[in-house]
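Note sheet for the following structure.
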Amino acid sequence: MQRPLHYLFLNEALLEIVLVLWLGSRVLAVCPSMCSCSHSHREVDCSWRGLRLLPDGLQHNLRSLNLSHNRFQNLDGQLTAYTHLRILDLSHNRLNQLPVDLPLYQWNLRMLDLSHNKLERATFINNTLIKLCTLNLSHNHFWTLPTNLPINLETIDLSHNLLVKVLPDSLDRLPRLTHFYLHANRFTTLPFGVLDKTTSLRVITLGDNPWACHLYADTAYLVSWTQRTSARVLGCTLGSGEFGGQVWALSHVPRRVL
Ligand SMILES: *[C@@H]1O[C@H](CO)[C@@H](O)[C@H](O)[C@H]1NC(C)=O
Ligand SMILES: *[C@@H]1O[C@H](CO)[C@@H](O)[C@H](O)[C@H]1NC(C)=O
Ligand SMILES: *[C@@H]1O[C@H](CO)[C@@H](O)[C@H](O)[C@H]1NC(C)=O
């Protein structure tokens, strides 16, 4: 039996509507109920929601995702779909490692905030995260500088960690670095020449570290570097007399070293 022609058309039209709705929902996905989203749903704020898992319904073409102040312990494999991300705020969580696949998928990322987590170390992958400008790793448990830091970084905040030392050539490939925050760590010394290649540096913070001011050999490089650099060296107590009679090695640090 042949069905009437108009019946066939109706079916086709229905199918089309269903298809459009389905595709539409994939592209225009609704904002997850516990988050707030911008009009385009490409900037999503899911902060302060007690989250341990990513909420369902996040659009894949997100540009900005705020997951700060939650309970994430591990985000491995969960962010791979969001390759348009430019801003990712993961601060104030419980992460003890960098999400392993993050460097491989987030090639558009400009700003990554991992402050106030439990990271102890991190290894980036060469030639990834090449657009990353700002990396905030402050208030973690880093005892060693992350390796293979993305080369176009302009701002690195590693303050309030447990850093004891920096390997001699670990800052050699950061030609655009302008702001480097190292205050509130456990540095007693910096290796000879370590800052020589950070030629774009404008501000560095070194204060609140137990610099071994009484050991001339350990601090001589830092003293000579602060005299040569045009960068502002902030919060450094090296020459301030804080170490009493032991500051002899650093007494020539210029006044702009505050
Ligand atoms: C994320 O949300 C927190 C808390 O609501 C806010 O303080 C922070 O500025 C936001 N981060 C970004 C990158 O906008
Ligand atoms: C990353 O690049 C640095 C500097 O070129 C090199 O020393 C290191 O071996 C590279 N690491 C890997 C895993 O390729
Ligand atoms: C990094 O994060 C901390 C805490 O969230 C904040 O106080 C600090 O200003 C941030 N650093 C930069 C360079 O934005």
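Just so we're on the same page: first chain in the structure tokens is A, next is B, and so on; residues restart at 1 for each chain, and ligands are numbered from 1 in the order they show up.
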- Could I get the residue neighbourhood of ligand 3 at 10 Å, counting only C-alpha atoms and all ligand atoms, as a VMD selection string? chain A and resid 68 89 to 92 111 to 117 134 to 139 154 to 160 179 to 181
Put those residues in a file: C-alpha atoms, as an mmCIF file, in the first residue's frame.
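This is the output file again_0.cif:
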```cif
data_model
loop_
_atom_site.group_PDB
_atom_site.id
_atom_site.type_symbol
_atom_site.label_atom_id
_atom_site.label_comp_id
_atom_site.auth_asym_id
_atom_site.auth_seq_id
_atom_site.Cartn_x
_atom_site.Cartn_y
_atom_site.Cartn_z
ATOM 1 C CA SER A 68 37.480 27.885 41.707
ATOM 2 C CA ASP A 89 40.402 29.138 36.989
ATOM 3 C CA LEU A 90 41.038 26.047 39.119
ATOM 4 C CA SER A 91 42.145 27.943 42.191
ATOM 5 C CA HIS A 92 41.082 26.950 45.704
ATOM 6 C CA MET A 111 45.430 32.193 31.725
ATOM 7 C CA LEU A 112 45.669 29.239 34.084
ATOM 8 C CA ASP A 113 45.052 29.741 37.782
ATOM 9 C CA LEU A 114 45.991 26.801 39.988
ATOM 10 C CA SER A 115 46.635 28.815 43.117
ATOM 11 C CA HIS A 116 45.597 27.396 46.496
ATOM 12 C CA ASN A 117 45.846 23.726 45.614
ATOM 13 C CA THR A 134 49.725 33.882 32.934
ATOM 14 C CA LEU A 135 50.341 30.937 35.212
ATOM 15 C CA ASN A 136 49.381 31.190 38.857
ATOM 16 C CA LEU A 137 50.814 28.416 41.030
ATOM 17 C CA SER A 138 50.913 30.359 44.277
ATOM 18 C CA HIS A 139 49.883 28.840 47.598
ATOM 19 C CA GLU A 154 54.687 36.612 30.807
ATOM 20 C CA THR A 155 53.629 36.184 34.413
ATOM 21 C CA ILE A 156 54.498 33.331 36.739
ATOM 22 C CA ASP A 157 53.356 33.369 40.335
ATOM 23 C CA LEU A 158 55.125 30.768 42.461
ATOM 24 C CA SER A 159 54.860 32.676 45.709
ATOM 25 C CA HIS A 160 53.871 30.942 48.944
ATOM 26 C CA HIS A 179 56.542 39.350 36.188
ATOM 27 C CA PHE A 180 58.013 36.644 38.367
ATOM 28 C CA TYR A 181 56.773 36.135 41.913
#
```
- segment 133-198 of chain A: which residues are strand (DSSP E) by DSSP, as a list in words? Thr134, Leu135, Asn136, Thr155, Ile156, Asp157, His179, Phe180 and Tyr181 of chain A
Using N, CA and C atoms, can you write the selected residues to a file as a compact mmCIF listing (two decimals), in the first residue's frame?
```
# COMPACT_ATOMS: atom_id res chain seq x y z
N THR A 134 49.76 33.74 31.48
CA THR A 134 49.72 33.88 32.93
C THR A 134 49.51 32.53 33.60
N LEU A 135 50.43 32.21 34.49
CA LEU A 135 50.34 30.94 35.21
C LEU A 135 50.43 31.23 36.70
N ASN A 136 49.38 30.94 37.42
CA ASN A 136 49.38 31.19 38.86
C ASN A 136 49.45 29.87 39.62
N THR A 155 53.76 36.08 32.96
CA THR A 155 53.63 36.18 34.41
C THR A 155 53.60 34.79 35.03
N ILE A 156 54.50 34.59 36.00
CA ILE A 156 54.50 33.33 36.74
C ILE A 156 54.44 33.67 38.22
N ASP A 157 53.45 33.16 38.89
CA ASP A 157 53.36 33.37 40.33
C ASP A 157 53.60 32.04 41.04
N HIS A 179 56.87 39.33 34.76
CA HIS A 179 56.54 39.35 36.19
C HIS A 179 56.76 37.97 36.79
N PHE A 180 57.64 37.93 37.78
CA PHE A 180 58.01 36.64 38.37
C PHE A 180 57.93 36.77 39.89
N TYR A 181 57.01 36.03 40.47
CA TYR A 181 56.77 36.14 41.91
C TYR A 181 57.33 34.91 42.63
```
- Message: Neighbouring residues of segment 197-209 of chain A were defined as those with any atom within 10 Å, considering only C-alpha atoms; residues of the same chain fewer than 3 positions away were excluded. Please report them as a PyMOL selection string.
- Response: chain A and resi 154-160+162-164+169+171-189+193-194+212+229-238+257-258
Kindly compile the residues surrounding ligand 2 within 7 Å, counting only C-alpha atoms and all ligand atoms, and format them as a PDB file with N, CA and C atoms, in the first residue's frame.
```pdb
ATOM      1  N   ILE A 125      54.813  19.925  29.031  1.00  0.00           N
ATOM      2  CA  ILE A 125      55.315  19.203  27.869  1.00  0.00           C
ATOM      3  C   ILE A 125      55.826  20.232  26.865  1.00  0.00           C
ATOM      4  N   ASN A 126      57.040  20.028  26.388  1.00  0.00           N
ATOM      5  CA  ASN A 126      57.634  20.969  25.431  1.00  0.00           C
ATOM      6  C   ASN A 126      56.680  21.272  24.285  1.00  0.00           C
ATOM      7  N   ASN A 148      59.999  22.463  32.083  1.00  0.00           N
ATOM      8  CA  ASN A 148      59.489  22.811  30.750  1.00  0.00           C
ATOM      9  C   ASN A 148      58.351  23.829  30.803  1.00  0.00           C
TER      10      ASN A 148
END
```
May I have the residues within 7 Å of ligand 1, computed using only C-alpha atoms and all ligand atoms, as a short mmCIF file (atom, residue, chain, number, x, y, z; two decimals) with N, CA and C atoms, in the first residue's frame?
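Heads up, here's the output in result-v4.cif:
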```
data_model
loop_
_atom_site.label_atom_id
_atom_site.label_comp_id
_atom_site.auth_asym_id
_atom_site.auth_seq_id
_atom_site.Cartn_x
_atom_site.Cartn_y
_atom_site.Cartn_z
N ASP A 45 30.73 30.29 34.99
CA ASP A 45 31.22 30.40 36.36
C ASP A 45 30.56 29.33 37.23
N SER A 47 32.00 28.53 40.26
CA SER A 47 32.76 28.62 41.51
C SER A 47 31.86 28.44 42.73
N TRP A 48 32.46 28.04 43.84
CA TRP A 48 31.75 27.89 45.12
C TRP A 48 30.54 26.96 45.02
N ASN A 66 35.28 28.91 35.16
CA ASN A 66 35.71 29.18 36.54
C ASN A 66 35.25 28.04 37.45
N LEU A 67 36.21 27.25 37.88
CA LEU A 67 35.90 26.12 38.76
C LEU A 67 36.52 26.34 40.14
N SER A 68 36.79 27.60 40.45
CA SER A 68 37.48 27.88 41.71
C SER A 68 36.59 27.62 42.92
N HIS A 69 37.21 27.45 44.07
CA HIS A 69 36.50 27.22 45.32
C HIS A 69 35.55 26.02 45.23
N ILE A 87 40.61 30.96 29.37
CA ILE A 87 40.79 31.25 30.80
C ILE A 87 40.27 30.07 31.60
N LEU A 88 41.13 29.54 32.46
CA LEU A 88 40.71 28.41 33.29
C LEU A 88 41.12 28.69 34.72
N ASP A 89 40.13 28.85 35.58
CA ASP A 89 40.40 29.14 36.99
C ASP A 89 40.10 27.89 37.82
#
```
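Here atom CA of Leu109 of chain A stands at a distance of 26.0 Å from atom CA of Leu195 of chain A.
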- Query: Using the chain letters and numbers from this document, which residues of segment 12-250 of chain A does DSSP assign to helix (DSSP H, G or I), as a PyMOL selection string?
  - Reply: chain A and resi 12-27+102-105+216-228+244-250
Residues from last step as file, C-alpha atoms, as a short mmCIF file (atom, residue, chain, number, x, y, z; two decimals), in the first residue's frame:
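Okay, this is what ended up in again_8.cif:
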```
data_model
loop_
_atom_site.label_atom_id
_atom_site.label_comp_id
_atom_site.auth_asym_id
_atom_site.auth_seq_id
_atom_site.Cartn_x
_atom_site.Cartn_y
_atom_site.Cartn_z
CA GLU A 12 10.27 14.29 6.69
CA ALA A 13 9.47 17.67 8.20
CA LEU A 14 9.16 16.14 11.65
CA LEU A 15 12.45 14.37 11.22
CA GLU A 16 14.05 17.65 10.25
CA ILE A 17 12.68 19.42 13.30
CA VAL A 18 13.94 16.68 15.58
CA LEU A 19 17.33 16.81 13.91
CA VAL A 20 17.58 20.59 14.21
CA LEU A 21 16.60 20.48 17.88
CA TRP A 22 19.11 17.74 18.57
CA LEU A 23 21.93 19.53 16.78
CA GLY A 24 20.87 22.79 18.38
CA SER A 25 21.06 21.31 21.84
CA ARG A 26 24.57 20.07 21.06
CA VAL A 27 25.76 23.46 19.92
CA LEU A 102 45.74 19.63 30.08
CA PRO A 103 48.94 20.64 28.24
CA LEU A 104 47.99 18.51 25.25
CA TYR A 105 44.47 19.81 24.73
CA TYR A 216 78.87 35.44 50.55
CA ALA A 217 79.32 32.74 47.91
CA ASP A 218 75.66 31.77 48.06
CA THR A 219 74.23 35.21 47.55
CA ALA A 220 76.94 36.95 45.54
CA TYR A 221 75.23 36.22 42.23
CA LEU A 222 71.89 37.58 43.41
CA VAL A 223 73.50 40.73 44.73
CA SER A 224 75.41 41.37 41.53
CA TRP A 225 72.35 40.61 39.44
CA THR A 226 70.16 43.06 41.36
CA GLN A 227 72.78 45.71 40.66
CA ARG A 228 72.85 44.99 36.94
CA GLY A 244 71.71 42.22 61.64
CA GLY A 245 75.46 42.17 61.43
CA GLN A 246 75.39 39.38 58.90
CA VAL A 247 74.35 41.41 55.90
CA TRP A 248 77.86 42.45 54.97
CA ALA A 249 77.78 40.47 51.75
CA LEU A 250 74.68 42.27 50.60
#
```
- Item | Test item: residues at most 8 Å from Leu85 of chain A, only C-alpha atoms, excluding those fewer than 2 positions along its chain, as number ranges by chain | A: 61-65, 82-83, 87-88, 106, 108-109
Go ahead and dump the residues you just picked, C-alpha atoms, as a compact mmCIF listing (two decimals), in the first residue's frame.
```
# COMPACT_ATOMS: atom_id res chain seq x y z
CA ASN A 61 33.29 25.75 22.81
CA LEU A 62 33.71 27.44 26.20
CA ARG A 63 36.19 30.28 26.38
CA SER A 64 36.28 30.81 30.08
CA LEU A 65 35.60 28.35 32.86
CA TYR A 82 37.20 22.09 25.88
CA THR A 83 39.89 23.06 23.43
CA ILE A 87 40.79 31.25 30.80
CA LEU A 88 40.71 28.41 33.29
CA GLN A 106 44.35 23.39 25.98
CA ASN A 108 44.26 28.17 23.28
CA LEU A 109 44.75 28.75 26.98
```
- Rounded to one decimal place, report the atom CA of Leu215 of chain A-atom CA of Phe142 of chain A distance in Å. 24.9 Å
- One-decimal distance in Å that lies between atom CA of Thr144 of chain A and atom CA of Leu53 of chain A: 28.6 Å
